[in-house]
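**Q** Shown below is the structure under consideration.
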2 protein chains.
Amino acid sequence: MTALHASLAGETAPPARSRAGARTSVPADTIDYGPLANWIGFRLRLAQNASFQAFAREASGIDLSPGRFATLVLIGRNPGISQTALSRANARDKSSLTPVLDDLVRRKLIKRMRAKNDRRSYQLMLTPAGEALLAKLTVCAERHDRHIDEIIGPRDRARFLQILKKLAAGLLVSGNGHSR
Amino acid sequence: MTALHASLAGETAPPARSRAGARTSVPADTIDYGPLANWIGFRLRLAQNASFQAFAREASGIDLSPGRFATLVLIGRNPGISQTALSRANARDKSSLTPVLDDLVRRKLIKRMRAKNDRRSYQLMLTPAGEALLAKLTVCAERHDRHIDEIIGPRDRARFLQILKKLAAGLLVSGNGHSR
DNA sequence: GCGTGATAGTTGGGTATAAAACTATCCCGC
DNA sequence: GCGGGATAGTTTTATACCCAACTATCACGC
């Protein structure tokens with residue numbers, strides 16, 4: 001991350017690339033993306049990438065990665081949620097959650113309590129410290145989101161969001177004749 | 001991936017979840033996403049996730065991950081490109097590229113040739129086998145893209161794509177007063 | 001030609017994530 | 001109450017990625 005993205009995005013750094021780069025056959029700003037240029041999947045990856053990093057910047061100084069933020073939000077909004085339900089909501093495998101939650105517990109941001117009637121599962125909830133951190137991060141997230149709004153423009157936002165939702169829904173339904 | 005996404009997306013699997021799940025405090029379909037529900041960053045991640053998996057399904061049977069596909073396209077479109085330029089175009093760190101290219105070379109899909117006038121850099125190009133595989137994958141990608149079109153609807157596609165581009169560009173320019 | 005600073009690629013260390021196998025627990029019908 | 005089948009969470013293994021440090025090479029000015 002850093003300058004590599006800049007060059008992809010529209011060149012932030014004009015000073016660089018003048019001697020050595022010019023000889024390496026493809027001068028970086030004249031790259032032919034071919035069909036990639038207009039494939040949704042590719043652009044989606046770039047946008048997600050950028051958003052992730054922008055958020056990380058927004059929340060820099062706070063010792064919690066963007067990925068864990070969603071986890072906190074979901075626990076905060078759904079106290080007592082199980083790990084499995086949380087992993088589903090967050091679209092990550094439940095096994096990925098184990099180390100994350102271990103860490104959050106270690107930092108005393110969440111609590112894991114055994115459910116009364118099902119001793120297999122945990123009930124997750126925020127600690128007061130977790131609530132406090134969540135509040136701080138929410139401010140960052142809102143700033144980030146406002147930043148995105150400036151880029152998209154408020155008119156298109158709703159439409160854009162709706163398409164994102166349709167995409168996530170539509171692409172998944174069509175492919176999983178799975179059992180589980 | 002699998003049923004977890006389905007439940008998020010709109011429930012493909014009605015048979016499951018009826019007994020055990022009902023008691024674990026938060027029944028998965030009544031999750032409160034709170035502000036997450038309409039945060040672009042979060043939705044972007046879900047959509048990208050879904051797209052990635054859908055593409056993987058489309059190209060299942062072909063032994064090449066979606067990530068490497070973009071690499072092949074870029075090399076095919078820009079013969080002689082250097083690894084650094086490629087990593088930039090693909091928005092990944094150049095160090096991530098090393099093992100990927102090693103693998104592609106091992107499978108005889110690409111060639112790495114030392115540049116004449118700069119013995120530090122390589123010039124990458126497809127082998128005939130690489131061209132052939134690229135052609136096969138392009139078919140998959142086009143099918144995938146058509147699938148996405150069905151979901152988005154052709155009217156919104158261009159607008160959607162444009163917003164994705166603006167987002168990637170806009171979010172990156174504003175955050176890297178980096179040197180590198 | 002030689003030092004200085006930049007660049008191409010690799011290596012090493014660390015994080016995030018997924019898939020599959022596993023353990024413990026649960027539900028249900030008999 | 002017991003056995004079969006499902007579920008919650010963990011562990012193991014493997015992959016993809018980043019960043020920082022490293023080596024080899026280059027370019028330029030003197």
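Residues are named by chain letter and number: chains run A, B, ... in the order of the structure tokens, numbers start at 1 in each chain, and ligands are numbered from 1 in the order shown.
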Quick check for you: according to DSSP on this backbone, which residues of region 110-158 of chain A are classed as strand (DSSP E or B)? Reply as a PyMOL selection string.

**A** chain A and resi 110-114+122-126

**Q** When the cut-off is 6 Å and we count only C-alpha atoms, which residues of chain B are near chain A, given as a count of residues only?

**A** 26

**Q** Write out as a count of residues only every residue belonging to chain D that has an atom at most 12 Å from any atom of chain A, counting only C-alpha atoms (C1' of nucleotides).

**A** 14

**Q** Counting only C-alpha atoms (C1' of nucleotides), which residue out of B:Lys136, B:Pro154, B:Asp102, B:Pro128 sits closest to chain C?

**A**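 Of B:Lys136, B:Pro154, B:Asp102, B:Pro128, the one nearest chain C, counting only C-alpha atoms (C1' of nucleotides), is B:Asp102.
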
**Q** Using only C-alpha atoms (C1' of nucleotides), find which residues of chain C lie within 8 Å of chain B and jot them down as an mmCIF file with C-alpha atoms (C1' of nucleotides), in the first residue's frame.

**A**
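Ended up saving to result02.cif:
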```cif
data_model
loop_
_atom_site.group_PDB
_atom_site.id
_atom_site.type_symbol
_atom_site.label_atom_id
_atom_site.label_comp_id
_atom_site.auth_asym_id
_atom_site.auth_seq_id
_atom_site.Cartn_x
_atom_site.Cartn_y
_atom_site.Cartn_z
ATOM 1 C "C1'" DA C 8 14.018 -4.352 -9.085
ATOM 2 C "C1'" DG C 9 13.316 -8.231 -6.931
ATOM 3 C "C1'" DT C 10 13.635 -11.444 -2.831
ATOM 4 C "C1'" DC C 26 -27.395 -31.012 22.163
ATOM 5 C "C1'" DC C 27 -32.019 -32.832 20.250
#
```

**Q** Please provide the set of residues having any atom within 12 Å of DA20 (chain D), restricted to only C-alpha atoms (C1' of nucleotides), with same-chain residues fewer than 3 positions apart removed, written as a list of chain:residue names.

**A** B:Ser95, C:DT11, C:DG12, C:DG13, C:DG14

**Q** Can you check which residues of region 100-140 of chain A DSSP gives as helix (DSSP H, G or I) on the backbone and send them as a list in words?

**A**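 So the helix (DSSP H, G or I) residues in region 100-140 of chain A would be Val100, Leu101, Asp102, Asp103, Leu104, Val105, Arg106, Pro128, Ala129, Gly130, Glu131, Ala132, Leu133, Leu134, Ala135, Lys136, Leu137, Thr138, Val139 and Cys140 of chain A.
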
**Q** Save the residues we just selected, N, CA and C atoms, as a PDB file, in the first residue's frame?

**A**
```pdb
ATOM      1  N   VAL A 100      -9.606 -13.927  17.034  1.00  0.00           N
ATOM      2  CA  VAL A 100     -10.021 -12.534  17.177  1.00  0.00           C
ATOM      3  C   VAL A 100     -10.693 -12.324  18.527  1.00  0.00           C
ATOM      4  N   LEU A 101     -11.610 -13.198  18.843  1.00  0.00           N
ATOM      5  CA  LEU A 101     -12.330 -13.055  20.103  1.00  0.00           C
ATOM      6  C   LEU A 101     -11.398 -13.288  21.289  1.00  0.00           C
ATOM      7  N   ASP A 102     -10.504 -14.244  21.147  1.00  0.00           N
ATOM      8  CA  ASP A 102      -9.513 -14.443  22.204  1.00  0.00           C
ATOM      9  C   ASP A 102      -8.809 -13.136  22.510  1.00  0.00           C
ATOM     10  N   ASP A 103      -8.431 -12.460  21.439  1.00  0.00           N
ATOM     11  CA  ASP A 103      -7.708 -11.209  21.612  1.00  0.00           C
ATOM     12  C   ASP A 103      -8.582 -10.139  22.268  1.00  0.00           C
ATOM     13  N   LEU A 104      -9.823 -10.042  21.796  1.00  0.00           N
ATOM     14  CA  LEU A 104     -10.714  -9.023  22.356  1.00  0.00           C
ATOM     15  C   LEU A 104     -11.003  -9.301  23.826  1.00  0.00           C
ATOM     16  N   VAL A 105     -11.094 -10.563  24.165  1.00  0.00           N
ATOM     17  CA  VAL A 105     -11.299 -10.919  25.569  1.00  0.00           C
ATOM     18  C   VAL A 105     -10.061 -10.544  26.378  1.00  0.00           C
ATOM     19  N   ARG A 106      -8.908 -10.883  25.827  1.00  0.00           N
ATOM     20  CA  ARG A 106      -7.659 -10.586  26.522  1.00  0.00           C
ATOM     21  C   ARG A 106      -7.536  -9.088  26.814  1.00  0.00           C
ATOM     22  N   PRO A 128     -17.763  -2.560  29.501  1.00  0.00           N
ATOM     23  CA  PRO A 128     -17.811  -1.084  29.422  1.00  0.00           C
ATOM     24  C   PRO A 128     -16.660  -0.531  28.594  1.00  0.00           C
ATOM     25  N   ALA A 129     -15.479  -1.116  28.758  1.00  0.00           N
ATOM     26  CA  ALA A 129     -14.355  -0.658  27.933  1.00  0.00           C
ATOM     27  C   ALA A 129     -14.643  -0.875  26.453  1.00  0.00           C
ATOM     28  N   GLY A 130     -15.287  -1.994  26.166  1.00  0.00           N
ATOM     29  CA  GLY A 130     -15.636  -2.273  24.785  1.00  0.00           C
ATOM     30  C   GLY A 130     -16.612  -1.247  24.239  1.00  0.00           C
ATOM     31  N   GLU A 131     -17.605  -0.905  25.060  1.00  0.00           N
ATOM     32  CA  GLU A 131     -18.573   0.113  24.647  1.00  0.00           C
ATOM     33  C   GLU A 131     -17.869   1.423  24.353  1.00  0.00           C
ATOM     34  N   ALA A 132     -16.948   1.766  25.220  1.00  0.00           N
ATOM     35  CA  ALA A 132     -16.250   3.042  25.060  1.00  0.00           C
ATOM     36  C   ALA A 132     -15.447   3.060  23.757  1.00  0.00           C
ATOM     37  N   LEU A 133     -14.728   1.976  23.527  1.00  0.00           N
ATOM     38  CA  LEU A 133     -13.930   1.922  22.306  1.00  0.00           C
ATOM     39  C   LEU A 133     -14.827   1.932  21.080  1.00  0.00           C
ATOM     40  N   LEU A 134     -15.917   1.216  21.163  1.00  0.00           N
ATOM     41  CA  LEU A 134     -16.868   1.187  20.049  1.00  0.00           C
ATOM     42  C   LEU A 134     -17.355   2.594  19.722  1.00  0.00           C
ATOM     43  N   ALA A 135     -17.628   3.351  20.771  1.00  0.00           N
ATOM     44  CA  ALA A 135     -18.098   4.722  20.549  1.00  0.00           C
ATOM     45  C   ALA A 135     -17.038   5.537  19.815  1.00  0.00           C
ATOM     46  N   LYS A 136     -15.801   5.377  20.244  1.00  0.00           N
ATOM     47  CA  LYS A 136     -14.721   6.117  19.586  1.00  0.00           C
ATOM     48  C   LYS A 136     -14.602   5.719  18.115  1.00  0.00           C
ATOM     49  N   LEU A 137     -14.683   4.423  17.882  1.00  0.00           N
ATOM     50  CA  LEU A 137     -14.539   3.943  16.514  1.00  0.00           C
ATOM     51  C   LEU A 137     -15.719   4.357  15.648  1.00  0.00           C
ATOM     52  N   THR A 138     -16.875   4.440  16.259  1.00  0.00           N
ATOM     53  CA  THR A 138     -18.046   4.836  15.492  1.00  0.00           C
ATOM     54  C   THR A 138     -17.852   6.241  14.933  1.00  0.00           C
ATOM     55  N   VAL A 139     -17.241   7.073  15.720  1.00  0.00           N
ATOM     56  CA  VAL A 139     -16.947   8.422  15.239  1.00  0.00           C
ATOM     57  C   VAL A 139     -16.057   8.360  13.998  1.00  0.00           C
ATOM     58  N   CYS A 140     -15.014   7.537  14.074  1.00  0.00           N
ATOM     59  CA  CYS A 140     -14.127   7.371  12.920  1.00  0.00           C
ATOM     60  C   CYS A 140     -14.898   6.863  11.716  1.00  0.00           C
TER      61      CYS A 140
END
```

**Q** Go ahead and compute the interatomic distance for CA of Ile110 (chain A) and C1' of DT25 (chain C), in Å to one decimal.

**A**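 About the pair CA of Ile110 (chain A) and C1' of DT25 (chain C): they are 23.8 Å apart.
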
**Q** Can you list, as a list in words, every protein, DNA or RNA residue that comes within 12 Å of DC30 (chain C) when you count only C-alpha atoms (C1' of nucleotides), leaving out same-chain residues fewer than 5 positions away?

**A**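 Skipping anything fewer than 5 positions along the chain leaves DG1, DC2, DG3 and DG4 of chain D.
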
**Q** Figure out the distance between CA of Arg143 (chain A) and CA of Gly61 (chain A), please, to one decimal in Å.

**A**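 We find that CA of Gly61 (chain A) and CA of Arg143 (chain A) lie 14.7 Å from each other.
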